[in-house]
Amino acid sequence: MTELDPVIHAAARLRITSALATLDTGDSIAFPRLQELLDMTAGNLSTHLRKLEDAGYVQVDKTHRGRTPVTYLALTRQGRRAFEDYVDTLRSVLGERT
């Protein structure tokens, strides 16, 4: 049996990847909006995003809107594939057909 991806399996990271997977490919979300949607502290969200970014699952783009720094987040192609594989594996573990 295939094992669940330990990078995604942590509850907070599963919530993050699930939220990012709802975006269309190529779309991104601003850090404060994701923080609001997930009801996470900035520090907690940042910590888990770093692990996902280090794994190549999340793309972090830092830019400026005027003089205000803005961070945009999106799943990479690798991250979307890893999330889809995670969901398929979870379904398999639960005995559901994909």
# chains A, B, ... in the order shown; residues from 1 in each chain; ligands from 1
>>> residues_around(residues="A:Asp5", least_positions_apart="4", cutoff="8 Å", atoms="only C-alpha atoms", output="VMD selection string")
chain A and resid 9 82 86
>>> write_last_selection(atoms="N, CA, C and O atoms", output="compact mmCIF listing (two decimals), in the first residue's frame")
# COMPACT_ATOMS: atom_id res chain seq x y z
N HIS A 9 0.45 15.47 5.02
CA HIS A 9 -0.39 14.80 6.02
C HIS A 9 -0.61 15.60 7.30
O HIS A 9 -1.65 15.44 7.95
N ALA A 82 1.00 16.23 -6.07
CA ALA A 82 1.17 15.59 -4.75
C ALA A 82 -0.15 15.59 -3.98
O ALA A 82 -0.48 14.59 -3.33
N TYR A 86 -2.21 12.38 -2.89
CA TYR A 86 -2.57 12.23 -1.47
C TYR A 86 -4.05 11.85 -1.35
O TYR A 86 -4.41 10.93 -0.63
>>> residues_around(residues="A:Ala19", least_positions_apart="2", cutoff="10 Å", atoms="only C-alpha atoms", output="list in words")
Arg13, Leu14, Arg15, Ile16, Thr17, Ala21, Thr22, Leu23, Ile29, Leu34, Leu37, Leu38, Ala74 and Leu75 of chain A
>>> write_last_selection(atoms="N, CA and C atoms", output="compact mmCIF listing (two decimals), in the first residue's frame")
# COMPACT_ATOMS: atom_id res chain seq x y z
N ARG A 13 -1.00 21.59 7.10
CA ARG A 13 -0.54 21.59 5.71
C ARG A 13 -1.59 20.98 4.79
N LEU A 14 -2.36 20.04 5.28
CA LEU A 14 -3.45 19.48 4.49
C LEU A 14 -4.51 20.56 4.25
N ARG A 15 -4.80 21.35 5.26
CA ARG A 15 -5.76 22.46 5.10
C ARG A 15 -5.25 23.47 4.08
N ILE A 16 -3.96 23.78 4.15
CA ILE A 16 -3.37 24.75 3.22
C ILE A 16 -3.43 24.23 1.79
N THR A 17 -2.97 23.00 1.58
CA THR A 17 -2.97 22.46 0.21
C THR A 17 -4.40 22.29 -0.31
N ALA A 21 -5.61 24.11 -3.61
CA ALA A 21 -6.05 23.25 -4.71
C ALA A 21 -7.38 23.70 -5.30
N THR A 22 -8.14 24.51 -4.55
CA THR A 22 -9.41 25.01 -5.09
C THR A 22 -9.19 26.13 -6.11
N LEU A 23 -7.99 26.70 -6.13
CA LEU A 23 -7.68 27.75 -7.09
C LEU A 23 -7.44 27.12 -8.46
N ILE A 29 -3.32 33.31 -4.30
CA ILE A 29 -4.11 33.97 -3.27
C ILE A 29 -3.15 34.76 -2.38
N LEU A 34 -5.58 33.95 2.66
CA LEU A 34 -5.45 32.55 3.03
C LEU A 34 -5.47 32.41 4.55
N LEU A 37 -9.06 32.75 5.63
CA LEU A 37 -9.85 31.57 5.26
C LEU A 37 -9.58 30.39 6.20
N LEU A 38 -8.32 30.21 6.58
CA LEU A 38 -7.93 29.06 7.39
C LEU A 38 -7.96 29.36 8.89
N ALA A 74 0.55 29.95 -4.29
CA ALA A 74 -0.12 29.05 -5.23
C ALA A 74 0.53 27.68 -5.14
N LEU A 75 -0.25 26.67 -5.50
CA LEU A 75 0.33 25.34 -5.62
C LEU A 75 1.16 25.29 -6.89
>>> residues_around(residues="A:Ala30", least_positions_apart="2", cutoff="9 Å", atoms="only C-alpha atoms", output="list in words")
Ser28, Pro32, Arg33, Leu34, Gln35, Val70, Thr71, Tyr72 and Leu73 of chain A
>>> closest_residue(among="A:Arg91, A:Phe31, A:Thr76, A:Ala11", to="A:Asp54", atoms="only C-alpha atoms")
A:Thr76
>>> residues_around(residues="A:Val87", least_positions_apart="2", cutoff="12 Å", atoms="only C-alpha atoms", output="short mmCIF file (atom, residue, chain, number, x, y, z; two decimals) with C-alpha atoms, in the first residue's frame")
data_model
loop_
_atom_site.label_atom_id
_atom_site.label_comp_id
_atom_site.auth_asym_id
_atom_site.auth_seq_id
_atom_site.Cartn_x
_atom_site.Cartn_y
_atom_site.Cartn_z
CA THR A 2 1.21 3.50 -0.82
CA GLU A 3 1.92 5.73 2.16
CA LEU A 4 0.36 9.14 2.69
CA ASP A 5 2.72 12.02 1.89
CA ILE A 8 0.90 17.10 3.27
CA HIS A 9 -0.39 14.80 6.02
CA LEU A 14 -3.45 19.48 4.49
CA THR A 17 -2.97 22.46 0.21
CA SER A 18 -6.73 21.79 0.14
CA ALA A 21 -6.05 23.25 -4.71
CA ARG A 80 -1.06 19.92 -7.22
CA ARG A 81 0.06 16.43 -8.31
CA ALA A 82 1.17 15.59 -4.75
CA PHE A 83 -2.19 16.74 -3.38
CA GLU A 84 -4.11 14.71 -5.98
CA ASP A 85 -1.96 11.66 -5.19
CA THR A 89 -4.13 7.37 -1.56
CA LEU A 90 -6.50 8.46 1.20
CA ARG A 91 -9.46 7.17 -0.80
CA SER A 92 -7.63 3.89 -1.28
CA VAL A 93 -6.89 3.62 2.44
CA LEU A 94 -10.56 4.29 3.16
CA GLU A 96 -13.25 4.07 -1.82
CA ARG A 97 -12.96 3.85 -5.55
CA THR A 98 -11.33 6.76 -7.36
#
